[in-house]
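Worksheet for the structure shown next.
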Amino acid sequence: MPAILLFFLLWPGLLAAEPLNVALLLEHEQPSAWTDLLRKGLLANPEIRAEVIIAPPGEKQREIFRSAAASHDLVLVASDSLHEALRDNAANFRRVKFGSIDAGIRAPNIMSVTFADEQAAFLAGAAAALFSAGRQPQNPAIGWLSGQDTPAMRSLFSGYSEGALLASPGVRIIQAVAGSFTDSAKAASKAEWLIDSGVAVLALAAGAGNGAARAVAQARGIPVLELDAASGSASLGVIEKAADRAVAEIVAAAASGNFRGKEILTYTLANGGVNFRPGGIAAGNPEIARRLKELRLELEKGSIRLRSLRQRALCDCLD
């Protein structure tokens, strides 16, 4: 028996498989709560080889996507244009596994996690409307700022509106769209416009633009709700989506040989994948806290049903 073969038979651990080679594709490097959660989930498993690759929107994005797919075992995406790139290219990389966060794409080599975040937004809308009704009893108004007009943002805003109108039927709900999840100046400008329009509360879903919009609101004395991150004890609350858990779950499935292609997991209030965490103002108001607790129980039991405006799946490539 050759000595080299005997060496490996005596120490089989030396033949262990290489660690899973994983790439997380992001559209930008600007700090944001969403990308922070994605990075956190990627780093949760120390036994993989992890890399973050920036793939800005534009003509080179799909080239970057294909390059990542050609050199990694698992590629994760979590933004609209990269979801489209995944949908259009997954079939060309049948031996590569893909993870889709925040959009369902049904294919043999794709495992997806999407969010029933309209449930958390419903509670946020109720909290905002109840606070506004107390501050503006004659003409209550609340605001919502999106980064872009996408199916996920429309679903969040729909839940926010339904919760607000249930809690306070006379409330006005004013929406603005910054046009980008990275344009801080535009987000700040839209925040000014919403406040000038008379809102007593401002919900921020503008991505990396949230910081600038929050600063405007704080300067004008307007409490904020935020998506994915807390803004201190002055906030009314936070809509949370467990993007870190989603990334970690897909990575763990791929690393353990339990990758579930074609499967679209949905994170909800009931399974802890989405949440509304009241901030200092809401938690300190007994009436708001009581009503939120009631509504949460109704949502978890299914007594309140909300319509998701997300696309159910970007494709049905089952073969």
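Here's how to read the names in the structure tokens: chain A, B, ... by the order shown, residue numbers from 1 in each chain, ligand numbers from 1 in the order shown.
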
* Residue contacts of Ala90 in chain A (10 Å, only C-alpha atoms) excluding same-chain residues fewer than 4 positions away, as a VMD selection string -> chain A and resid 66 69 85 to 86 94 to 98 105 107 to 110 317

* Which neighbours of Phe181 in chain A fall inside 6 Å, counting only C-alpha atoms, when residues of the same chain fewer than 4 positions from it are skipped, and could you give them as a list in words? -> Gly147, Ala206, Gly207 and Ala208 of chain A

* **For Ser155 in chain A: contacts at 12 Å, only C-alpha atoms, fewer than 4 positions along chain excluded, given as a ChimeraX atom specification** => /A:102,115-122,146,149-151,159-162,306-312

Would you mind exporting N, CA, C and O atoms of the selected residues as an mmCIF file, in the first residue's frame?
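See result_9.cif below for the written result:
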data_model
loop_
_atom_site.group_PDB
_atom_site.id
_atom_site.type_symbol
_atom_site.label_atom_id
_atom_site.label_comp_id
_atom_site.auth_asym_id
_atom_site.auth_seq_id
_atom_site.Cartn_x
_atom_site.Cartn_y
_atom_site.Cartn_z
ATOM 1 N N ASP A 102 -36.253 37.842 1.346
ATOM 2 C CA ASP A 102 -37.264 38.886 1.148
ATOM 3 C C ASP A 102 -37.982 38.774 -0.192
ATOM 4 O O ASP A 102 -38.659 39.708 -0.607
ATOM 5 N N PHE A 115 -41.233 37.391 4.235
ATOM 6 C CA PHE A 115 -41.703 37.899 5.524
ATOM 7 C C PHE A 115 -43.162 38.354 5.438
ATOM 8 O O PHE A 115 -43.534 39.070 4.509
ATOM 9 N N ALA A 116 -43.946 37.969 6.439
ATOM 10 C CA ALA A 116 -45.296 38.518 6.593
ATOM 11 C C ALA A 116 -45.186 39.808 7.399
ATOM 12 O O ALA A 116 -45.815 39.976 8.453
ATOM 13 N N ASP A 117 -44.354 40.730 6.888
ATOM 14 C CA ASP A 117 -44.063 41.941 7.654
ATOM 15 C C ASP A 117 -45.222 42.922 7.668
ATOM 16 O O ASP A 117 -45.223 43.880 8.439
ATOM 17 N N GLU A 118 -46.253 42.660 6.844
ATOM 18 C CA GLU A 118 -47.454 43.488 6.943
ATOM 19 C C GLU A 118 -48.101 43.335 8.320
ATOM 20 O O GLU A 118 -48.789 44.240 8.789
ATOM 21 N N GLN A 119 -47.871 42.186 8.994
ATOM 22 C CA GLN A 119 -48.401 41.997 10.340
ATOM 23 C C GLN A 119 -47.749 42.954 11.332
ATOM 24 O O GLN A 119 -48.433 43.595 12.148
ATOM 25 N N ALA A 120 -46.429 43.054 11.279
ATOM 26 C CA ALA A 120 -45.719 43.985 12.162
ATOM 27 C C ALA A 120 -46.060 45.425 11.815
ATOM 28 O O ALA A 120 -46.218 46.279 12.699
ATOM 29 N N ALA A 121 -46.184 45.709 10.515
ATOM 30 C CA ALA A 121 -46.535 47.065 10.092
ATOM 31 C C ALA A 121 -47.940 47.437 10.550
ATOM 32 O O ALA A 121 -48.220 48.608 10.855
ATOM 33 N N PHE A 122 -48.844 46.469 10.596
ATOM 34 C CA PHE A 122 -50.202 46.692 11.097
ATOM 35 C C PHE A 122 -50.153 47.214 12.537
ATOM 36 O O PHE A 122 -50.829 48.196 12.888
ATOM 37 N N SER A 146 -41.140 55.641 2.216
ATOM 38 C CA SER A 146 -40.487 54.485 1.597
ATOM 39 C C SER A 146 -39.263 54.938 0.819
ATOM 40 O O SER A 146 -39.222 56.067 0.316
ATOM 41 N N ASP A 149 -40.727 52.419 -4.477
ATOM 42 C CA ASP A 149 -42.054 51.808 -4.614
ATOM 43 C C ASP A 149 -41.873 50.378 -5.115
ATOM 44 O O ASP A 149 -41.749 50.133 -6.319
ATOM 45 N N THR A 150 -41.822 49.421 -4.199
ATOM 46 C CA THR A 150 -41.627 48.014 -4.539
ATOM 47 C C THR A 150 -42.781 47.201 -3.942
ATOM 48 O O THR A 150 -43.491 47.684 -3.053
ATOM 49 N N PRO A 151 -42.979 45.954 -4.408
ATOM 50 C CA PRO A 151 -44.043 45.132 -3.813
ATOM 51 C C PRO A 151 -43.894 44.986 -2.302
ATOM 52 O O PRO A 151 -44.893 45.029 -1.568
ATOM 53 N N GLY A 159 -50.268 47.193 5.284
ATOM 54 C CA GLY A 159 -50.475 46.756 6.663
ATOM 55 C C GLY A 159 -50.505 47.918 7.633
ATOM 56 O O GLY A 159 -51.345 47.967 8.548
ATOM 57 N N TYR A 160 -49.604 48.876 7.438
ATOM 58 C CA TYR A 160 -49.534 50.076 8.277
ATOM 59 C C TYR A 160 -50.857 50.841 8.215
ATOM 60 O O TYR A 160 -51.411 51.243 9.249
ATOM 61 N N SER A 161 -51.389 51.001 7.007
ATOM 62 C CA SER A 161 -52.637 51.744 6.823
ATOM 63 C C SER A 161 -53.815 51.026 7.474
ATOM 64 O O SER A 161 -54.655 51.656 8.133
ATOM 65 N N GLU A 162 -53.884 49.698 7.296
ATOM 66 C CA GLU A 162 -55.001 48.946 7.876
ATOM 67 C C GLU A 162 -54.982 49.011 9.406
ATOM 68 O O GLU A 162 -56.026 49.166 10.042
ATOM 69 N N LEU A 306 -54.527 39.742 6.921
ATOM 70 C CA LEU A 306 -54.038 40.835 6.096
ATOM 71 C C LEU A 306 -53.628 40.310 4.732
ATOM 72 O O LEU A 306 -53.075 39.214 4.610
ATOM 73 N N ARG A 307 -53.852 41.113 3.722
ATOM 74 C CA ARG A 307 -53.490 40.727 2.362
ATOM 75 C C ARG A 307 -52.053 41.170 2.081
ATOM 76 O O ARG A 307 -51.707 42.336 2.219
ATOM 77 N N SER A 308 -51.207 40.228 1.693
ATOM 78 C CA SER A 308 -49.846 40.581 1.296
ATOM 79 C C SER A 308 -49.855 41.070 -0.147
ATOM 80 O O SER A 308 -50.498 40.466 -1.015
ATOM 81 N N LEU A 309 -49.155 42.161 -0.403
ATOM 82 C CA LEU A 309 -49.025 42.686 -1.759
ATOM 83 C C LEU A 309 -47.712 42.276 -2.403
ATOM 84 O O LEU A 309 -47.371 42.743 -3.486
ATOM 85 N N ARG A 310 -46.981 41.408 -1.727
ATOM 86 C CA ARG A 310 -45.755 40.880 -2.317
ATOM 87 C C ARG A 310 -46.098 39.921 -3.463
ATOM 88 O O ARG A 310 -47.152 39.287 -3.472
ATOM 89 N N GLN A 311 -45.167 39.805 -4.404
ATOM 90 C CA GLN A 311 -45.306 38.765 -5.412
ATOM 91 C C GLN A 311 -45.106 37.407 -4.736
ATOM 92 O O GLN A 311 -44.147 37.221 -3.987
ATOM 93 N N ARG A 312 -45.997 36.467 -4.985
ATOM 94 C CA ARG A 312 -45.910 35.176 -4.313
ATOM 95 C C ARG A 312 -44.627 34.444 -4.696
ATOM 96 O O ARG A 312 -44.007 33.790 -3.880
#

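Residues within 7 Å of Ala213 in chain A, counting only C-alpha atoms and excluding same-chain residues fewer than 3 positions away, are Ala187, Ala188, Ala191, Gly209, Asn210, Val216 and Ala217 of chain A.
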
Got time to write the residues from that selection, all heavy atoms, as a PDB file, in the first residue's frame?
ATOM      1  N   ALA A 187     -34.284  61.544   1.114  1.00  0.00           N
ATOM      2  CA  ALA A 187     -35.068  61.054   2.253  1.00  0.00           C
ATOM      3  C   ALA A 187     -35.331  62.182   3.243  1.00  0.00           C
ATOM      4  O   ALA A 187     -36.445  62.317   3.769  1.00  0.00           O
ATOM      5  CB  ALA A 187     -34.335  59.906   2.940  1.00  0.00           C
ATOM      6  N   ALA A 188     -34.327  63.011   3.506  1.00  0.00           N
ATOM      7  CA  ALA A 188     -34.499  64.145   4.418  1.00  0.00           C
ATOM      8  C   ALA A 188     -35.519  65.142   3.870  1.00  0.00           C
ATOM      9  O   ALA A 188     -36.362  65.663   4.610  1.00  0.00           O
ATOM     10  CB  ALA A 188     -33.161  64.830   4.657  1.00  0.00           C
ATOM     11  N   ALA A 191     -38.965  63.744   4.254  1.00  0.00           N
ATOM     12  CA  ALA A 191     -39.357  63.804   5.665  1.00  0.00           C
ATOM     13  C   ALA A 191     -39.854  65.205   6.023  1.00  0.00           C
ATOM     14  O   ALA A 191     -40.867  65.362   6.728  1.00  0.00           O
ATOM     15  CB  ALA A 191     -38.191  63.399   6.554  1.00  0.00           C
ATOM     16  N   GLY A 209     -31.261  55.873   3.923  1.00  0.00           N
ATOM     17  CA  GLY A 209     -31.731  57.243   4.096  1.00  0.00           C
ATOM     18  C   GLY A 209     -32.443  57.483   5.415  1.00  0.00           C
ATOM     19  O   GLY A 209     -32.763  58.636   5.747  1.00  0.00           O
ATOM     20  N   ASN A 210     -32.662  56.433   6.186  1.00  0.00           N
ATOM     21  CA  ASN A 210     -33.398  56.589   7.446  1.00  0.00           C
ATOM     22  C   ASN A 210     -32.702  57.530   8.416  1.00  0.00           C
ATOM     23  O   ASN A 210     -33.359  58.289   9.135  1.00  0.00           O
ATOM     24  CB  ASN A 210     -33.593  55.228   8.122  1.00  0.00           C
ATOM     25  CG  ASN A 210     -34.796  54.473   7.597  1.00  0.00           C
ATOM     26  OD1 ASN A 210     -35.487  54.940   6.689  1.00  0.00           O
ATOM     27  ND2 ASN A 210     -35.040  53.305   8.138  1.00  0.00           N
ATOM     28  N   VAL A 216     -34.107  64.810  10.773  1.00  0.00           N
ATOM     29  CA  VAL A 216     -35.107  65.850  10.485  1.00  0.00           C
ATOM     30  C   VAL A 216     -36.267  65.737  11.470  1.00  0.00           C
ATOM     31  O   VAL A 216     -36.714  66.744  12.047  1.00  0.00           O
ATOM     32  CB  VAL A 216     -35.615  65.716   9.034  1.00  0.00           C
ATOM     33  CG1 VAL A 216     -36.854  66.591   8.812  1.00  0.00           C
ATOM     34  CG2 VAL A 216     -34.528  66.081   8.053  1.00  0.00           C
ATOM     35  N   ALA A 217     -36.763  64.527  11.666  1.00  0.00           N
ATOM     36  CA  ALA A 217     -37.895  64.327  12.575  1.00  0.00           C
ATOM     37  C   ALA A 217     -37.541  64.727  14.002  1.00  0.00           C
ATOM     38  O   ALA A 217     -38.334  65.394  14.690  1.00  0.00           O
ATOM     39  CB  ALA A 217     -38.347  62.869  12.526  1.00  0.00           C
TER      40      ALA A 217
END

* To do: Identify, on the basis of only C-alpha atoms, every residue whose closest approach to range 30-32 of chain A does not exceed 12 Å; exclude the query and any residue fewer than 5 positions from it along the same chain; express the result as a list of chain:residue names.
  =>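 Selected residues are A:Leu37, A:Leu38, A:Arg39, A:Ile54, A:Pro56, A:Phe181, A:Thr182, A:Asp183, A:Ser184, A:Ala205, A:Ala206, A:Gly207, A:Ala208, A:Gly209, A:Asn210, A:Gly211, A:Ala212, A:Glu226, A:Leu227, A:Asp228, A:Ala229, A:Ala230.
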
Those residues you just picked out, can you put them in a file as a compact mmCIF listing (two decimals), in the first residue's frame with N, CA and C atoms?
# COMPACT_ATOMS: atom_id res chain seq x y z
N LEU A 37 -28.05 43.47 9.41
CA LEU A 37 -28.65 42.20 9.78
C LEU A 37 -28.19 41.07 8.85
N LEU A 38 -28.12 41.36 7.56
CA LEU A 38 -27.66 40.34 6.61
C LEU A 38 -26.22 39.92 6.91
N ARG A 39 -25.37 40.88 7.18
CA ARG A 39 -23.98 40.56 7.51
C ARG A 39 -23.90 39.76 8.81
N ILE A 54 -20.06 43.54 -3.31
CA ILE A 54 -20.93 44.67 -3.67
C ILE A 54 -21.26 44.58 -5.16
N PRO A 56 -23.54 46.82 -7.39
CA PRO A 56 -24.42 47.98 -7.54
C PRO A 56 -25.41 47.79 -8.68
N PHE A 181 -33.08 53.82 -1.90
CA PHE A 181 -32.78 53.38 -0.54
C PHE A 181 -31.42 53.88 -0.06
N THR A 182 -30.75 54.70 -0.88
CA THR A 182 -29.42 55.18 -0.51
C THR A 182 -29.28 56.70 -0.57
N ASP A 183 -30.33 57.42 -0.99
CA ASP A 183 -30.24 58.88 -1.16
C ASP A 183 -30.69 59.58 0.12
N SER A 184 -29.73 59.91 0.98
CA SER A 184 -30.05 60.53 2.27
C SER A 184 -30.67 61.91 2.10
N ALA A 205 -38.98 53.87 6.24
CA ALA A 205 -38.59 52.64 5.55
C ALA A 205 -37.78 53.02 4.32
N ALA A 206 -36.77 53.89 4.52
CA ALA A 206 -35.99 54.44 3.42
C ALA A 206 -34.56 53.90 3.39
N GLY A 207 -34.32 52.76 4.03
CA GLY A 207 -33.01 52.14 3.96
C GLY A 207 -31.92 53.00 4.57
N ALA A 208 -30.85 53.20 3.81
CA ALA A 208 -29.73 54.00 4.29
C ALA A 208 -30.11 55.47 4.46
N GLY A 209 -31.26 55.87 3.92
CA GLY A 209 -31.73 57.24 4.10
C GLY A 209 -32.44 57.48 5.42
N ASN A 210 -32.66 56.43 6.19
CA ASN A 210 -33.40 56.59 7.45
C ASN A 210 -32.70 57.53 8.42
N GLY A 211 -31.37 57.48 8.46
CA GLY A 211 -30.64 58.32 9.42
C GLY A 211 -30.90 59.79 9.20
N ALA A 212 -30.84 60.23 7.94
CA ALA A 212 -31.07 61.64 7.62
C ALA A 212 -32.52 62.03 7.90
N GLU A 226 -39.46 52.92 12.92
CA GLU A 226 -38.43 52.55 11.94
C GLU A 226 -38.54 51.10 11.55
N LEU A 227 -37.98 50.81 10.37
CA LEU A 227 -37.89 49.45 9.88
C LEU A 227 -36.50 48.91 10.19
N ASP A 228 -36.45 47.84 10.97
CA ASP A 228 -35.23 47.06 11.23
C ASP A 228 -34.28 47.61 12.28
N ALA A 229 -34.46 48.82 12.76
CA ALA A 229 -33.49 49.34 13.74
C ALA A 229 -34.15 50.26 14.73
N ALA A 230 -33.65 50.25 15.96
CA ALA A 230 -34.17 51.15 16.99
C ALA A 230 -33.55 52.53 16.82

* To do: Counting only C-alpha atoms, figure out which residue out of A:Ala164, A:Leu156, A:Ala203, A:Pro19 gets nearest to Ala176 in chain A.
  => A:Ala203

* To do: Run DSSP on the backbone and grab whatever in range 140-315 of chain A lands in strand (DSSP E or B); send it over as a PyMOL selection string.
  => chain A and resi 141-146+172-177+201-205+224-227+237-241+264-267+274-278

How would the residues just picked look written out with N, CA and C atoms as a compact mmCIF listing (two decimals), in the first residue's frame?
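Writing the result to selection-v8.txt gives the following:
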# COMPACT_ATOMS: atom_id res chain seq x y z
N ALA A 141 -53.02 62.77 11.88
CA ALA A 141 -52.35 62.39 10.63
C ALA A 141 -51.03 61.70 10.95
N ILE A 142 -50.72 60.67 10.19
CA ILE A 142 -49.46 59.95 10.34
C ILE A 142 -48.79 59.83 8.98
N GLY A 143 -47.47 59.67 8.99
CA GLY A 143 -46.72 59.62 7.74
C GLY A 143 -45.98 58.31 7.54
N TRP A 144 -45.66 58.03 6.28
CA TRP A 144 -44.88 56.85 5.90
C TRP A 144 -43.91 57.25 4.80
N LEU A 145 -42.63 56.93 4.99
CA LEU A 145 -41.61 57.24 3.99
C LEU A 145 -40.96 55.95 3.50
N SER A 146 -41.14 55.64 2.22
CA SER A 146 -40.49 54.48 1.60
C SER A 146 -39.26 54.94 0.82
N ARG A 172 -55.65 60.41 9.03
CA ARG A 172 -55.13 60.59 7.67
C ARG A 172 -53.76 59.92 7.59
N ILE A 173 -53.51 59.22 6.48
CA ILE A 173 -52.24 58.52 6.28
C ILE A 173 -51.59 59.10 5.02
N ILE A 174 -50.44 59.72 5.20
CA ILE A 174 -49.76 60.42 4.10
C ILE A 174 -48.46 59.69 3.78
N GLN A 175 -48.28 59.34 2.52
CA GLN A 175 -47.12 58.56 2.10
C GLN A 175 -46.22 59.38 1.19
N ALA A 176 -44.91 59.14 1.28
CA ALA A 176 -43.94 59.72 0.35
C ALA A 176 -42.92 58.65 -0.01
N VAL A 177 -42.34 58.77 -1.21
CA VAL A 177 -41.34 57.83 -1.69
C VAL A 177 -40.09 58.61 -2.06
N VAL A 201 -46.57 61.58 13.50
CA VAL A 201 -45.66 60.44 13.60
C VAL A 201 -45.11 60.18 12.20
N LEU A 202 -43.86 59.74 12.12
CA LEU A 202 -43.26 59.44 10.83
C LEU A 202 -42.66 58.03 10.86
N ALA A 203 -43.14 57.15 9.97
CA ALA A 203 -42.59 55.80 9.82
C ALA A 203 -41.53 55.84 8.73
N LEU A 204 -40.36 55.28 9.02
CA LEU A 204 -39.21 55.37 8.12
C LEU A 204 -38.87 54.00 7.56
N ALA A 205 -38.98 53.87 6.24
CA ALA A 205 -38.59 52.64 5.55
C ALA A 205 -37.78 53.02 4.32
N VAL A 224 -40.65 58.84 15.68
CA VAL A 224 -40.52 58.01 14.49
C VAL A 224 -40.75 56.54 14.82
N LEU A 225 -41.22 55.84 13.81
CA LEU A 225 -41.21 54.38 13.74
C LEU A 225 -40.15 54.02 12.71
N GLU A 226 -39.46 52.92 12.92
CA GLU A 226 -38.43 52.55 11.94
C GLU A 226 -38.54 51.10 11.55
N LEU A 227 -37.98 50.81 10.37
CA LEU A 227 -37.89 49.45 9.88
C LEU A 227 -36.50 48.91 10.19
N GLY A 237 -41.44 53.02 17.98
CA GLY A 237 -41.28 51.57 17.86
C GLY A 237 -40.53 51.17 16.62
N VAL A 238 -40.28 49.87 16.49
CA VAL A 238 -39.49 49.32 15.40
C VAL A 238 -40.20 48.13 14.77
N ILE A 239 -40.31 48.13 13.45
CA ILE A 239 -40.77 46.98 12.69
C ILE A 239 -39.55 46.11 12.42
N GLU A 240 -39.55 44.90 12.96
CA GLU A 240 -38.37 44.05 12.85
C GLU A 240 -38.63 42.87 11.91
N LYS A 241 -37.65 42.59 11.06
CA LYS A 241 -37.67 41.41 10.21
C LYS A 241 -36.36 40.66 10.47
N ILE A 264 -40.20 27.91 -0.05
CA ILE A 264 -40.32 29.31 0.33
C ILE A 264 -40.83 29.36 1.76
N LEU A 265 -39.97 29.72 2.69
CA LEU A 265 -40.35 29.85 4.09
C LEU A 265 -40.93 31.23 4.34
N THR A 266 -41.93 31.32 5.17
CA THR A 266 -42.53 32.61 5.52
C THR A 266 -42.36 32.87 7.00
N TYR A 267 -41.70 33.97 7.32
CA TYR A 267 -41.53 34.39 8.71
C TYR A 267 -42.70 35.28 9.11
N VAL A 274 -41.05 38.01 12.30
CA VAL A 274 -41.28 39.45 12.22
C VAL A 274 -41.81 39.90 13.59
N ASN A 275 -41.69 41.18 13.85
CA ASN A 275 -42.10 41.68 15.17
C ASN A 275 -42.31 43.18 15.10
N PHE A 276 -43.16 43.68 15.97
CA PHE A 276 -43.20 45.12 16.23
C PHE A 276 -42.79 45.33 17.67
N ARG A 277 -41.70 46.04 17.87
CA ARG A 277 -41.18 46.29 19.21
C ARG A 277 -41.49 47.73 19.59
N PRO A 278 -42.43 47.96 20.51
CA PRO A 278 -42.78 49.33 20.89
C PRO A 278 -41.59 50.07 21.49

* Excluding range 166-171 of chain A and residues on its chain fewer than 6 positions from it, collect all residues at most 6 Å away from it, counting only C-alpha atoms, and give them as a PyMOL selection string. => chain A and resi 126+129+140-141

* From the list A:Ala243, A:Asp36, A:Phe93, A:Ala23, which residue is nearest Ala68 in chain A when using only C-alpha atoms? -> A:Ala23

* **Residue nearest Ala44 in chain A - candidates A:Ser158, A:Ile304, A:Leu295, A:Val247, atoms counted: only C-alpha atoms** =>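 Among A:Ser158, A:Ile304, A:Leu295, A:Val247, it is A:Val247 that comes nearest to Ala44 in chain A.
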
* To do: Enumerate as a ChimeraX atom specification all residues of range 53-224 of chain A assigned to alpha helix (DSSP H) by DSSP on the backbone, naming them with the chain letters and numbers the document uses.
  => /A:61-71,80-89,117-135,151-167,184-196,210-219

* **Contacts of Leu25 in chain A within 10 Å, only C-alpha atoms, excl. fewer than 3 positions in-chain, as a PyMOL selection string** => chain A and resi 22+28+38+51-56+61+64-65+68+75-79+82

Serialized selection, N, CA and C atoms, as a CSV table (one decimal), in the first residue's frame:
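Written output follows (again.csv):
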chain,number,residue,atom,x,y,z
A,22,VAL,N,-19.4,30.8,0.7
A,22,VAL,CA,-20.6,31.5,0.6
A,22,VAL,C,-20.4,33.0,0.3
A,28,HIS,N,-25.0,48.0,-2.1
A,28,HIS,CA,-24.2,49.2,-1.7
A,28,HIS,C,-23.5,48.9,-0.4
A,38,LEU,N,-28.1,41.4,7.6
A,38,LEU,CA,-27.7,40.3,6.6
A,38,LEU,C,-26.2,39.9,6.9
A,51,GLU,N,-18.0,35.7,2.3
A,51,GLU,CA,-17.5,36.9,1.5
A,51,GLU,C,-18.7,37.8,1.2
A,52,VAL,N,-18.5,39.1,1.4
A,52,VAL,CA,-19.5,40.1,1.0
A,52,VAL,C,-19.1,40.7,-0.3
A,53,ILE,N,-19.9,40.7,-1.3
A,53,ILE,CA,-19.6,41.3,-2.6
A,53,ILE,C,-20.6,42.4,-2.9
A,54,ILE,N,-20.1,43.5,-3.3
A,54,ILE,CA,-20.9,44.7,-3.7
A,54,ILE,C,-21.3,44.6,-5.2
A,55,ALA,N,-22.5,44.6,-5.5
A,55,ALA,CA,-23.0,44.5,-6.8
A,55,ALA,C,-24.0,45.6,-7.1
A,56,PRO,N,-23.5,46.8,-7.4
A,56,PRO,CA,-24.4,48.0,-7.5
A,56,PRO,C,-25.4,47.8,-8.7
A,61,GLN,N,-24.2,44.7,-12.9
A,61,GLN,CA,-24.7,43.9,-11.7
A,61,GLN,C,-24.8,42.4,-12.1
A,64,ILE,N,-21.5,40.7,-12.2
A,64,ILE,CA,-21.0,40.4,-10.9
A,64,ILE,C,-21.7,39.2,-10.3
A,65,PHE,N,-23.0,39.1,-10.5
A,65,PHE,CA,-23.8,38.0,-10.0
A,65,PHE,C,-23.3,36.7,-10.6
A,68,ALA,N,-19.9,35.7,-9.1
A,68,ALA,CA,-20.1,35.1,-7.8
A,68,ALA,C,-20.6,33.7,-7.8
A,75,VAL,N,-24.8,31.4,-2.9
A,75,VAL,CA,-24.9,32.8,-3.2
A,75,VAL,C,-26.2,33.3,-2.6
A,76,LEU,N,-26.1,34.4,-1.8
A,76,LEU,CA,-27.3,34.9,-1.1
A,76,LEU,C,-27.6,36.3,-1.7
A,77,VAL,N,-28.9,36.6,-1.9
A,77,VAL,CA,-29.3,37.9,-2.4
A,77,VAL,C,-30.5,38.4,-1.6
A,78,ALA,N,-30.6,39.7,-1.5
A,78,ALA,CA,-31.7,40.3,-0.6
A,78,ALA,C,-32.2,41.6,-1.1
A,79,SER,N,-32.2,41.9,-2.4
A,79,SER,CA,-32.7,43.2,-2.9
A,79,SER,C,-33.4,42.9,-4.3
A,82,LEU,N,-31.3,42.3,-7.6
A,82,LEU,CA,-30.6,41.0,-7.4
A,82,LEU,C,-31.5,39.8,-7.4

* Take CA of Gly41 in chain A and CA of Thr268 in chain A and report the distance between them in Å, one decimal. =>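 Computing it gives 18.1 Å between the two atoms.
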
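Closest to Phe259 in chain A among A:Asp73, A:Asp196, A:Glu300, A:Asp80 is A:Asp73, based on only C-alpha atoms.
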